[in-house]
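Trainee: One file is attached below, query_11.pdb, containing PDB, C-alpha atoms, pLDDT in the B column.
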```pdb
ATOM      1  CA  MET A 181      34.129  71.697  26.560  1.00 57.00           C
ATOM      2  CA  LEU A 182      36.486  74.543  27.435  1.00 63.00           C
ATOM      3  CA  THR A 183      33.664  77.065  27.067  1.00 69.00           C
ATOM      4  CA  THR A 184      31.528  75.004  29.454  1.00 59.00           C
ATOM      5  CA  ILE A 185      34.297  74.960  32.060  1.00 59.00           C
ATOM      6  CA  LEU A 186      34.909  78.701  31.661  1.00 64.00           C
ATOM      7  CA  HIS A 187      31.168  79.402  31.975  1.00 64.00           C
ATOM      8  CA  PHE A 188      31.035  77.288  35.141  1.00 64.00           C
ATOM      9  CA  LEU A 189      33.985  79.124  36.700  1.00 64.00           C
ATOM     10  CA  LYS A 190      32.535  82.492  35.736  1.00 70.00           C
ATOM     11  CA  THR A 191      29.095  81.856  37.222  1.00 70.00           C
ATOM     12  CA  SER A 192      29.881  79.437  40.029  1.00 74.00           C
ATOM     13  CA  PHE A 193      30.448  81.915  42.857  1.00 77.00           C
ATOM     14  CA  SER A 194      27.943  84.537  41.747  1.00 78.00           C
ATOM     15  CA  LEU A 195      24.651  85.030  43.588  1.00 82.00           C
ATOM     16  CA  LYS A 196      23.133  86.565  40.462  1.00 84.00           C
ATOM     17  CA  GLY A 197      21.355  84.523  37.878  1.00 82.00           C
ATOM     18  CA  ARG A 198      19.577  81.222  37.928  1.00 85.00           C
ATOM     19  CA  ALA A 199      20.553  77.566  38.322  1.00 85.00           C
ATOM     20  CA  THR A 200      18.653  74.615  36.911  1.00 86.00           C
ATOM     21  CA  ARG A 201      17.682  71.508  38.821  1.00 87.00           C
ATOM     22  CA  TRP A 202      20.483  69.700  37.008  1.00 88.00           C
ATOM     23  CA  ASP A 203      23.059  72.258  38.158  1.00 84.00           C
ATOM     24  CA  TYR A 204      21.928  71.927  41.751  1.00 88.00           C
ATOM     25  CA  TRP A 205      21.555  68.162  42.043  1.00 89.00           C
ATOM     26  CA  SER A 206      24.614  67.266  39.952  1.00 87.00           C
ATOM     27  CA  PHE A 207      26.713  69.095  42.538  1.00 87.00           C
ATOM     28  CA  GLN A 208      24.796  67.709  45.516  1.00 90.00           C
ATOM     29  CA  ILE A 209      25.233  64.090  44.433  1.00 91.00           C
ATOM     30  CA  PHE A 210      28.965  64.482  45.132  1.00 89.00           C
ATOM     31  CA  ASN A 211      28.758  67.128  47.826  1.00 91.00           C
ATOM     32  CA  ILE A 212      26.544  65.283  50.329  1.00 93.00           C
ATOM     33  CA  PRO A 213      28.815  62.211  50.663  1.00 94.00           C
ATOM     34  CA  LEU A 214      31.942  64.410  50.802  1.00 92.00           C
ATOM     35  CA  ILE A 215      30.423  66.622  53.512  1.00 93.00           C
ATOM     36  CA  ASN A 216      29.529  63.499  55.517  1.00 93.00           C
ATOM     37  CA  LEU A 217      33.044  62.111  55.042  1.00 91.00           C
ATOM     38  CA  SER A 218      34.540  65.424  56.164  1.00 90.00           C
ATOM     39  CA  ILE A 219      32.407  65.456  59.296  1.00 88.00           C
ATOM     40  CA  TYR A 220      33.400  61.852  60.010  1.00 87.00           C
ATOM     41  CA  ILE A 221      37.084  62.713  59.594  1.00 84.00           C
ATOM     42  CA  LEU A 222      36.804  65.731  61.883  1.00 82.00           C
ATOM     43  CA  ASN A 223      35.010  63.682  64.525  1.00 81.00           C
ATOM     44  CA  TYR A 224      37.226  60.617  64.566  1.00 76.00           C
ATOM     45  CA  THR A 225      40.687  61.560  63.291  1.00 69.00           C
ATOM     46  CA  GLY A 226      41.890  62.702  66.704  1.00 59.00           C
ATOM     47  CA  ARG A 227      40.687  59.527  68.410  1.00 57.00           C
ATOM     48  CA  PHE A 228      42.352  56.950  66.201  1.00 54.00           C
ATOM     49  CA  HIS A 229      45.958  56.963  65.082  1.00 54.00           C
ATOM     50  CA  PHE A 230      46.567  56.268  61.455  1.00 52.00           C
ATOM     51  CA  PRO A 231      49.735  54.343  60.589  1.00 56.00           C
ATOM     52  CA  ARG A 232      51.417  57.337  58.937  1.00 54.00           C
ATOM     53  CA  GLY A 233      51.578  59.469  62.063  1.00 56.00           C
ATOM     54  CA  GLU A 234      50.451  62.917  63.085  1.00 61.00           C
ATOM     55  CA  LEU A 235      51.269  64.701  59.823  1.00 58.00           C
ATOM     56  CA  PHE A 236      48.739  62.487  58.049  1.00 62.00           C
ATOM     57  CA  ASP A 237      46.143  63.279  60.734  1.00 66.00           C
ATOM     58  CA  ASP A 238      46.748  67.018  60.476  1.00 75.00           C
ATOM     59  CA  THR A 239      46.549  66.959  56.694  1.00 80.00           C
ATOM     60  CA  LEU A 240      43.241  65.085  56.817  1.00 81.00           C
ATOM     61  CA  ILE A 241      41.815  67.543  59.322  1.00 82.00           C
ATOM     62  CA  ILE A 242      42.854  70.557  57.222  1.00 85.00           C
ATOM     63  CA  LEU A 243      41.445  69.032  54.022  1.00 89.00           C
ATOM     64  CA  ALA A 244      38.191  68.038  55.715  1.00 89.00           C
ATOM     65  CA  PHE A 245      37.728  71.484  57.231  1.00 89.00           C
ATOM     66  CA  ALA A 246      38.543  73.206  53.924  1.00 92.00           C
ATOM     67  CA  TYR A 247      36.005  71.060  52.085  1.00 92.00           C
ATOM     68  CA  LEU A 248      33.353  71.774  54.704  1.00 92.00           C
ATOM     69  CA  ILE A 249      33.799  75.501  54.145  1.00 92.00           C
ATOM     70  CA  PHE A 250      33.845  75.141  50.346  1.00 90.00           C
ATOM     71  CA  GLY A 251      30.874  72.745  50.268  1.00 90.00           C
ATOM     72  CA  ALA A 252      28.719  74.851  52.579  1.00 91.00           C
ATOM     73  CA  THR A 253      29.518  78.072  50.735  1.00 90.00           C
ATOM     74  CA  TYR A 254      28.913  76.674  47.277  1.00 89.00           C
ATOM     75  CA  THR A 255      25.718  74.904  48.378  1.00 90.00           C
ATOM     76  CA  THR A 256      24.357  78.178  49.748  1.00 91.00           C
ATOM     77  CA  ILE A 257      25.208  79.992  46.512  1.00 91.00           C
ATOM     78  CA  LEU A 258      23.602  77.266  44.401  1.00 90.00           C
ATOM     79  CA  THR A 259      20.508  77.286  46.623  1.00 92.00           C
ATOM     80  CA  VAL A 260      20.124  81.053  46.157  1.00 93.00           C
ATOM     81  CA  ARG A 261      20.456  80.689  42.390  1.00 91.00           C
ATOM     82  CA  ARG A 262      18.031  77.747  42.408  1.00 91.00           C
ATOM     83  CA  LEU A 263      15.492  79.816  44.354  1.00 91.00           C
ATOM     84  CA  HIS A 264      15.908  82.526  41.718  1.00 91.00           C
ATOM     85  CA  ASP A 265      15.114  79.943  39.036  1.00 89.00           C
ATOM     86  CA  ILE A 266      11.783  79.070  40.634  1.00 90.00           C
ATOM     87  CA  GLY A 267      10.949  82.749  41.097  1.00 87.00           C
ATOM     88  CA  TYR A 268      11.684  83.287  44.793  1.00 91.00           C
ATOM     89  CA  SER A 269      14.046  85.621  46.566  1.00 90.00           C
ATOM     90  CA  GLY A 270      17.424  84.250  47.580  1.00 89.00           C
ATOM     91  CA  TRP A 271      16.822  85.492  51.112  1.00 93.00           C
ATOM     92  CA  LEU A 272      14.626  82.404  51.613  1.00 91.00           C
ATOM     93  CA  VAL A 273      17.878  80.475  52.000  1.00 92.00           C
ATOM     94  CA  LEU A 274      17.800  81.642  55.634  1.00 92.00           C
ATOM     95  CA  ILE A 275      14.949  79.172  56.248  1.00 91.00           C
ATOM     96  CA  GLN A 276      17.552  76.411  56.418  1.00 87.00           C
ATOM     97  CA  PHE A 277      18.725  77.789  59.767  1.00 87.00           C
ATOM     98  CA  ILE A 278      15.287  77.403  61.386  1.00 89.00           C
ATOM     99  CA  PRO A 279      14.946  73.963  63.003  1.00 88.00           C
ATOM    100  CA  TYR A 280      12.372  71.655  61.411  1.00 87.00           C
ATOM    101  CA  LEU A 281      11.654  74.131  58.591  1.00 87.00           C
ATOM    102  CA  GLY A 282      14.883  73.624  56.674  1.00 85.00           C
ATOM    103  CA  PHE A 283      13.463  70.608  54.864  1.00 86.00           C
ATOM    104  CA  ILE A 284      10.973  72.869  53.103  1.00 86.00           C
ATOM    105  CA  LEU A 285      13.907  74.275  51.199  1.00 88.00           C
ATOM    106  CA  VAL A 286      15.011  70.789  50.100  1.00 86.00           C
ATOM    107  CA  PHE A 287      11.589  70.125  48.605  1.00 88.00           C
ATOM    108  CA  ALA A 288      11.662  73.473  46.796  1.00 87.00           C
ATOM    109  CA  MET A 289      14.824  72.380  44.981  1.00 89.00           C
ATOM    110  CA  PHE A 290      12.740  69.787  43.081  1.00 88.00           C
ATOM    111  CA  PHE A 291      10.334  72.380  41.598  1.00 89.00           C
ATOM    112  CA  LYS A 292      10.544  73.148  37.915  1.00 85.00           C
ATOM    113  CA  GLY A 293      12.052  76.549  37.125  1.00 83.00           C
ATOM    114  CA  ASP A 294      10.200  79.398  35.477  1.00 82.00           C
ATOM    115  CA  VAL A 295      10.027  79.136  31.699  1.00 85.00           C
ATOM    116  CA  GLY A 296      11.545  82.162  30.047  1.00 83.00           C
ATOM    117  CA  PRO A 297      13.128  85.113  31.790  1.00 83.00           C
ATOM    118  CA  ASN A 298      11.989  86.180  35.246  1.00 86.00           C
ATOM    119  CA  LYS A 299      13.032  89.093  37.466  1.00 85.00           C
ATOM    120  CA  PHE A 300      16.263  87.260  38.426  1.00 83.00           C
ATOM    121  CA  GLY A 301      17.566  86.677  34.924  1.00 81.00           C
ATOM    122  CA  ASP A 302      17.200  84.767  31.699  1.00 80.00           C
ATOM    123  CA  ASP A 303      16.135  81.148  31.540  1.00 77.00           C
ATOM    124  CA  PRO A 304      19.295  79.014  31.845  1.00 78.00           C
ATOM    125  CA  LYS A 305      17.744  76.323  29.638  1.00 76.00           C
ATOM    126  CA  GLN A 306      17.194  78.642  26.686  1.00 74.00           C
ATOM    127  CA  LYS A 307      19.864  78.478  24.016  1.00 62.00           C
ATOM    128  CA  ASP A 308      21.329  81.734  22.763  1.00 53.00           C
TER     129      ASP A 308
END
```
Would you kindly transcribe this structure into structure tokens?

Mentor:
Amino acid sequence: MLTTILHFLKTSFSLKGRATRWDYWSFQIFNIPLINLSIYILNYTGRFHFPRGELFDDTLIILAFAYLIFGATYTTILTVRRLHDIGYSGWLVLIQFIPYLGFILVFAMFFKGDVGPNKFGDDPKQKD
């Protein structure tokens, strides 16, 4: 278990290598609701007063903003590594910034990765 955690920390913020579908979607299943919650907090915290006062509001805003930055950064890194797994360049991640074409990238995340090594690295599913 400790080796799994150390491997995750070592590879988590690297654009090199490949990420499996499991790696990508296991993060997204928690990330998408937390991103939505963060956006909700940033939109409505200033309008409603929570019973604990302004310090509670400020703390929520800081935490929500910090998670938005973390979630967006890590999602982009995972998307690049996932694109590497299916054999495409990580630069295709820029498609997500083109209106109406960003959903193409979501569908690509469901494709099966290349079996065996490709030009972006070894197969993450192969055991050493």

Trainee: Please evaluate the PyMOL selection byres ((chain A and resi 285) around 12) against the structure above and give the resulting residues as a PyMOL selection string.

Mentor: chain A and resi 256+259-260+262-263+266+268+270-284+286-291

Trainee: I'd like to know which of A:Thr255, A:Gly197, A:Asn223, A:Ile242 is closest to Phe210 (chain A), using only C-alpha atoms.

Mentor: A:Thr255

Trainee: Could you name the residues that touch Ile221 (chain A) at 7 Å or less, counting all atoms listed in the file, but leaving out those on the same chain fewer than 3 positions away, as a count of residues only?

Mentor: 6

Trainee: Which residues, named as in the file, does the PyMOL selection byres ((chain A and resi 214) around 12) pick out? Answer as a ChimeraX atom specification.

Mentor: /A:207-213,215-221,243-252

Trainee: Can you write just those residues out, C-alpha atoms, as a PDB file, keeping the file's coordinate frame?

Mentor:
```pdb
ATOM      1  CA  PHE A 207      26.713  69.095  42.538  1.00 87.00           C
ATOM      2  CA  GLN A 208      24.796  67.709  45.516  1.00 90.00           C
ATOM      3  CA  ILE A 209      25.233  64.090  44.433  1.00 91.00           C
ATOM      4  CA  PHE A 210      28.965  64.482  45.132  1.00 89.00           C
ATOM      5  CA  ASN A 211      28.758  67.128  47.826  1.00 91.00           C
ATOM      6  CA  ILE A 212      26.544  65.283  50.329  1.00 93.00           C
ATOM      7  CA  PRO A 213      28.815  62.211  50.663  1.00 94.00           C
ATOM      8  CA  ILE A 215      30.423  66.622  53.512  1.00 93.00           C
ATOM      9  CA  ASN A 216      29.529  63.499  55.517  1.00 93.00           C
ATOM     10  CA  LEU A 217      33.044  62.111  55.042  1.00 91.00           C
ATOM     11  CA  SER A 218      34.540  65.424  56.164  1.00 90.00           C
ATOM     12  CA  ILE A 219      32.407  65.456  59.296  1.00 88.00           C
ATOM     13  CA  TYR A 220      33.400  61.852  60.010  1.00 87.00           C
ATOM     14  CA  ILE A 221      37.084  62.713  59.594  1.00 84.00           C
ATOM     15  CA  LEU A 243      41.445  69.032  54.022  1.00 89.00           C
ATOM     16  CA  ALA A 244      38.191  68.038  55.715  1.00 89.00           C
ATOM     17  CA  PHE A 245      37.728  71.484  57.231  1.00 89.00           C
ATOM     18  CA  ALA A 246      38.543  73.206  53.924  1.00 92.00           C
ATOM     19  CA  TYR A 247      36.005  71.060  52.085  1.00 92.00           C
ATOM     20  CA  LEU A 248      33.353  71.774  54.704  1.00 92.00           C
ATOM     21  CA  ILE A 249      33.799  75.501  54.145  1.00 92.00           C
ATOM     22  CA  PHE A 250      33.845  75.141  50.346  1.00 90.00           C
ATOM     23  CA  GLY A 251      30.874  72.745  50.268  1.00 90.00           C
ATOM     24  CA  ALA A 252      28.719  74.851  52.579  1.00 91.00           C
TER      25      ALA A 252
END
```

Trainee: Measuring between only C-alpha atoms, which one of A:Thr253, A:Arg198, A:Thr239, A:Tyr204 shows the shortest distance to Asp303 (chain A)?

Mentor: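 Of all the options, A:Arg198 lies closest to Asp303 (chain A).
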
Trainee: Taking 6 positions as the minimum chain separation for residues in the same chain, which residues sit within 10 Å of Gln306 (chain A) when counting only C-alpha atoms? Answer as an MDAnalysis selection string.

Mentor: chainID A and resid 295:297

Trainee: Any chance you could work out the residue set of the PyMOL selection byres ((chain A and resi 193) around 10) here, as a list in words?

Mentor: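 Going through the file, the PyMOL selection byres ((chain A and resi 193) around 10) ends up selecting Phe188, Leu189, Lys190, Thr191, Ser192, Ser194, Leu195, Lys196, Thr253, Tyr254, Thr256, Ile257 and Leu258 of chain A.
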